[in-house]
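Following: one structure in structure tokens, then a few remarks.
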Amino acid sequence: MVAKKSTTGARAAGHAAPVPPARTAAATAAPDELAVRPGEEPWTAQEVEDARAELSSESERLRVEIHAAEEALNGLMRDSADGAGDDQADTGTKNITREHEMALAENAREMLYQTERALDRLEAGTYGVCENCGKPIGKARMQAFPRATLCVECKQRQERR
């Protein structure tokens with residue numbers, strides 16, 4: 001069996017990528033200071049609040065999902081300790097179920113990390129700025145995918161690799 005690379009392990013060990021600095025003051029960015037592409041209307045206070053509310057709601061949902069997955073995983077670990085009398089198929093099924101629950105929890109943790117980073121970027125005033133090239137990601141893209149960190153061009157280059 002091949003071990004799956006953990007995407008949150010390095011962050012948990014203190015190696016998280018920092019939120020790009022946008023300003024020296026700790027003040028929350030004004031909506032009209034957030035990046036937009038040429039030709040786009042500036043962010044309104046309501047749009048920023050909607051994005052913040054969506055991200056906060058998603059963060060809470062993911063926390064509940066992670067807790068449920070961890071509880072299910074704890075139950076599976078307790079059940080797997082008592083494998084006396086299990087045949088190979090039962091053992092295999094338990095292993096697959098446990099790995100599936102672990103993958104779900106890891107995916108939820110990764111999404112939670114991305115969501116919290118988006119909230120941090122919103123507060124820092126770097127929300128909507130591509131982490132690769134520094135150009136605006138685009139308001140429409142941010143509204144469709146609030147956790148986006150790359151503009152369309154950089155994302156396409158990344159996916160081609």
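Residue numbering restarts at 1 in every chain; chains get A, B, ... in the order shown in the structure tokens, and ligands count up from 1 in that same order.
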
Exercise. For Tyr127 in chain A, list every protein, DNA or RNA residue within 9 Å, evaluated using only C-alpha atoms, and leave out those in the same chain fewer than 4 positions away; present the list as a list in words.
Key: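 Within the cut-off, the hits are Leu34, Ala35, Ala118, Leu119, Asp120, Arg121, Leu122, Glu123, Pro136, Ile137, Met142, Pro146, Ala148 and Thr149 of chain A.
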
Produce a file of the selected residues containing C-alpha atoms, as a short mmCIF file (atom, residue, chain, number, x, y, z; two decimals), in the first residue's frame.
```cif
data_model
loop_
_atom_site.label_atom_id
_atom_site.label_comp_id
_atom_site.auth_asym_id
_atom_site.auth_seq_id
_atom_site.Cartn_x
_atom_site.Cartn_y
_atom_site.Cartn_z
CA LEU A 34 -9.58 44.84 -2.86
CA ALA A 35 -8.11 43.89 -6.23
CA ALA A 118 -9.17 33.13 2.30
CA LEU A 119 -10.63 34.80 5.39
CA ASP A 120 -7.12 35.92 6.42
CA ARG A 121 -6.48 37.29 2.94
CA LEU A 122 -9.81 39.14 3.05
CA GLU A 123 -8.79 40.81 6.31
CA PRO A 136 -5.90 40.58 -9.71
CA ILE A 137 -7.68 37.21 -9.84
CA MET A 142 -13.60 35.13 -6.43
CA PRO A 146 -14.04 32.25 -2.82
CA ALA A 148 -9.13 30.93 -5.19
CA THR A 149 -5.49 31.94 -4.79
#
```

Quiz prompt | Of the listed residues A:Glu58, A:Glu106, A:Glu41, A:Asp87, that which approaches Gly138 in chain A most closely, counting only C-alpha atoms | solution =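 Smallest distance to Gly138 in chain A is found for A:Glu41.
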
Practice problem: Figure out the distance between CA of Leu55 in chain A and CA of Ala103 in chain A, please, to one decimal in Å. | Solution: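 Those two atoms sit 22.3 Å apart.
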
Write out as a PDB file with all heavy atoms, in the first residue's frame each polymer residue whose atoms come within 10 Å of Glu70 in chain A, counting only C-alpha atoms; drop sequence neighbours fewer than 2 positions from it.
```
ATOM      1  N   VAL A  64     -17.525  20.969  11.583  1.00  0.00           N
ATOM      2  CA  VAL A  64     -18.496  19.932  11.971  1.00  0.00           C
ATOM      3  C   VAL A  64     -18.205  18.644  11.205  1.00  0.00           C
ATOM      4  O   VAL A  64     -18.217  17.548  11.778  1.00  0.00           O
ATOM      5  CB  VAL A  64     -19.942  20.425  11.721  1.00  0.00           C
ATOM      6  CG1 VAL A  64     -20.945  19.294  11.858  1.00  0.00           C
ATOM      7  CG2 VAL A  64     -20.278  21.575  12.656  1.00  0.00           C
ATOM      8  N   GLU A  65     -17.915  18.759   9.915  1.00  0.00           N
ATOM      9  CA  GLU A  65     -17.610  17.588   9.083  1.00  0.00           C
ATOM     10  C   GLU A  65     -16.343  16.875   9.582  1.00  0.00           C
ATOM     11  O   GLU A  65     -16.303  15.647   9.647  1.00  0.00           O
ATOM     12  CB  GLU A  65     -17.435  18.033   7.637  1.00  0.00           C
ATOM     13  CG  GLU A  65     -17.241  16.909   6.651  1.00  0.00           C
ATOM     14  CD  GLU A  65     -17.132  17.407   5.226  1.00  0.00           C
ATOM     15  OE1 GLU A  65     -17.908  18.321   4.856  1.00  0.00           O
ATOM     16  OE2 GLU A  65     -16.280  16.885   4.493  1.00  0.00           O
ATOM     17  N   ILE A  66     -15.328  17.641   9.933  1.00  0.00           N
ATOM     18  CA  ILE A  66     -14.085  17.053  10.444  1.00  0.00           C
ATOM     19  C   ILE A  66     -14.341  16.333  11.753  1.00  0.00           C
ATOM     20  O   ILE A  66     -13.870  15.208  11.968  1.00  0.00           O
ATOM     21  CB  ILE A  66     -12.991  18.135  10.609  1.00  0.00           C
ATOM     22  CG1 ILE A  66     -12.522  18.614   9.242  1.00  0.00           C
ATOM     23  CG2 ILE A  66     -11.818  17.615  11.430  1.00  0.00           C
ATOM     24  CD1 ILE A  66     -11.685  19.880   9.279  1.00  0.00           C
ATOM     25  N   HIS A  67     -15.115  16.949  12.622  1.00  0.00           N
ATOM     26  CA  HIS A  67     -15.430  16.322  13.911  1.00  0.00           C
ATOM     27  C   HIS A  67     -16.175  15.007  13.689  1.00  0.00           C
ATOM     28  O   HIS A  67     -15.856  13.986  14.320  1.00  0.00           O
ATOM     29  CB  HIS A  67     -16.256  17.274  14.781  1.00  0.00           C
ATOM     30  CG  HIS A  67     -16.644  16.689  16.096  1.00  0.00           C
ATOM     31  ND1 HIS A  67     -15.730  16.511  17.111  1.00  0.00           N
ATOM     32  CD2 HIS A  67     -17.828  16.217  16.552  1.00  0.00           C
ATOM     33  CE1 HIS A  67     -16.340  15.957  18.143  1.00  0.00           C
ATOM     34  NE2 HIS A  67     -17.620  15.770  17.829  1.00  0.00           N
ATOM     35  N   ALA A  68     -17.148  15.002  12.788  1.00  0.00           N
ATOM     36  CA  ALA A  68     -17.908  13.784  12.506  1.00  0.00           C
ATOM     37  C   ALA A  68     -17.007  12.702  11.911  1.00  0.00           C
ATOM     38  O   ALA A  68     -17.102  11.523  12.288  1.00  0.00           O
ATOM     39  CB  ALA A  68     -19.066  14.091  11.555  1.00  0.00           C
ATOM     40  N   ALA A  72     -16.162   9.055  13.543  1.00  0.00           N
ATOM     41  CA  ALA A  72     -16.349   7.807  12.791  1.00  0.00           C
ATOM     42  C   ALA A  72     -15.041   7.032  12.739  1.00  0.00           C
ATOM     43  O   ALA A  72     -15.034   5.802  12.889  1.00  0.00           O
ATOM     44  CB  ALA A  72     -16.845   8.117  11.374  1.00  0.00           C
ATOM     45  N   LEU A  73     -13.949   7.723  12.539  1.00  0.00           N
ATOM     46  CA  LEU A  73     -12.637   7.071  12.482  1.00  0.00           C
ATOM     47  C   LEU A  73     -12.273   6.463  13.828  1.00  0.00           C
ATOM     48  O   LEU A  73     -11.751   5.339  13.878  1.00  0.00           O
ATOM     49  CB  LEU A  73     -11.579   8.086  12.046  1.00  0.00           C
ATOM     50  CG  LEU A  73     -10.225   7.540  11.663  1.00  0.00           C
ATOM     51  CD1 LEU A  73     -10.347   6.479  10.588  1.00  0.00           C
ATOM     52  CD2 LEU A  73      -9.333   8.666  11.181  1.00  0.00           C
ATOM     53  N   ASN A  74     -12.563   7.173  14.909  1.00  0.00           N
ATOM     54  CA  ASN A  74     -12.308   6.609  16.242  1.00  0.00           C
ATOM     55  C   ASN A  74     -13.108   5.331  16.450  1.00  0.00           C
ATOM     56  O   ASN A  74     -12.595   4.354  17.004  1.00  0.00           O
ATOM     57  CB  ASN A  74     -12.640   7.630  17.339  1.00  0.00           C
ATOM     58  CG  ASN A  74     -11.609   8.721  17.431  1.00  0.00           C
ATOM     59  OD1 ASN A  74     -10.470   8.557  17.015  1.00  0.00           O
ATOM     60  ND2 ASN A  74     -12.017   9.862  17.964  1.00  0.00           N
ATOM     61  N   GLY A  75     -14.358   5.326  16.016  1.00  0.00           N
ATOM     62  CA  GLY A  75     -15.178   4.123  16.122  1.00  0.00           C
ATOM     63  C   GLY A  75     -14.612   2.982  15.298  1.00  0.00           C
ATOM     64  O   GLY A  75     -14.578   1.821  15.744  1.00  0.00           O
ATOM     65  N   LEU A  76     -14.150   3.285  14.113  1.00  0.00           N
ATOM     66  CA  LEU A  76     -13.559   2.246  13.254  1.00  0.00           C
ATOM     67  C   LEU A  76     -12.272   1.703  13.863  1.00  0.00           C
ATOM     68  O   LEU A  76     -11.995   0.505  13.762  1.00  0.00           O
ATOM     69  CB  LEU A  76     -13.272   2.810  11.858  1.00  0.00           C
ATOM     70  CG  LEU A  76     -14.493   3.086  10.991  1.00  0.00           C
ATOM     71  CD1 LEU A  76     -14.085   3.859   9.747  1.00  0.00           C
ATOM     72  CD2 LEU A  76     -15.183   1.784  10.608  1.00  0.00           C
ATOM     73  N   GLU A 101     -12.492   7.019   5.410  1.00  0.00           N
ATOM     74  CA  GLU A 101     -12.783   8.024   6.436  1.00  0.00           C
ATOM     75  C   GLU A 101     -11.576   8.941   6.651  1.00  0.00           C
ATOM     76  O   GLU A 101     -11.738  10.145   6.837  1.00  0.00           O
ATOM     77  CB  GLU A 101     -13.187   7.369   7.756  1.00  0.00           C
ATOM     78  CG  GLU A 101     -14.577   6.786   7.749  1.00  0.00           C
ATOM     79  CD  GLU A 101     -15.673   7.814   7.535  1.00  0.00           C
ATOM     80  OE1 GLU A 101     -15.548   8.960   8.016  1.00  0.00           O
ATOM     81  OE2 GLU A 101     -16.666   7.471   6.881  1.00  0.00           O
ATOM     82  N   MET A 102     -10.384   8.380   6.618  1.00  0.00           N
ATOM     83  CA  MET A 102      -9.176   9.190   6.784  1.00  0.00           C
ATOM     84  C   MET A 102      -9.030  10.166   5.617  1.00  0.00           C
ATOM     85  O   MET A 102      -8.664  11.334   5.812  1.00  0.00           O
ATOM     86  CB  MET A 102      -7.938   8.293   6.904  1.00  0.00           C
ATOM     87  CG  MET A 102      -7.876   7.576   8.231  1.00  0.00           C
ATOM     88  SD  MET A 102      -6.615   6.303   8.447  1.00  0.00           S
ATOM     89  CE  MET A 102      -5.218   6.862   7.573  1.00  0.00           C
ATOM     90  N   LEU A 104     -11.491  11.371   3.753  1.00  0.00           N
ATOM     91  CA  LEU A 104     -12.528  12.400   3.887  1.00  0.00           C
ATOM     92  C   LEU A 104     -12.114  13.462   4.904  1.00  0.00           C
ATOM     93  O   LEU A 104     -12.282  14.661   4.667  1.00  0.00           O
ATOM     94  CB  LEU A 104     -13.857  11.771   4.309  1.00  0.00           C
ATOM     95  CG  LEU A 104     -14.582  10.942   3.256  1.00  0.00           C
ATOM     96  CD1 LEU A 104     -15.825  10.289   3.863  1.00  0.00           C
ATOM     97  CD2 LEU A 104     -14.949  11.781   2.056  1.00  0.00           C
ATOM     98  N   ALA A 105     -11.578  13.022   6.030  1.00  0.00           N
ATOM     99  CA  ALA A 105     -11.142  13.961   7.065  1.00  0.00           C
ATOM    100  C   ALA A 105     -10.000  14.831   6.545  1.00  0.00           C
ATOM    101  O   ALA A 105      -9.976  16.047   6.788  1.00  0.00           O
ATOM    102  CB  ALA A 105     -10.719  13.204   8.323  1.00  0.00           C
ATOM    103  N   GLU A 106      -9.057  14.250   5.839  1.00  0.00           N
ATOM    104  CA  GLU A 106      -7.926  15.010   5.302  1.00  0.00           C
ATOM    105  C   GLU A 106      -8.399  16.038   4.271  1.00  0.00           C
ATOM    106  O   GLU A 106      -7.940  17.182   4.271  1.00  0.00           O
ATOM    107  CB  GLU A 106      -6.899  14.062   4.670  1.00  0.00           C
ATOM    108  CG  GLU A 106      -5.696  14.752   4.068  1.00  0.00           C
ATOM    109  CD  GLU A 106      -4.828  15.461   5.087  1.00  0.00           C
ATOM    110  OE1 GLU A 106      -4.862  15.115   6.275  1.00  0.00           O
ATOM    111  OE2 GLU A 106      -4.100  16.386   4.689  1.00  0.00           O
TER     112      GLU A 106
END
```

Quiz item: In Å, with one decimal, what is the gap from CA of Lys155 in chain A to CA of Gln114 in chain A?
Solution: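 Result for CA of Lys155 in chain A versus CA of Gln114 in chain A: 15.5 Å, one decimal.
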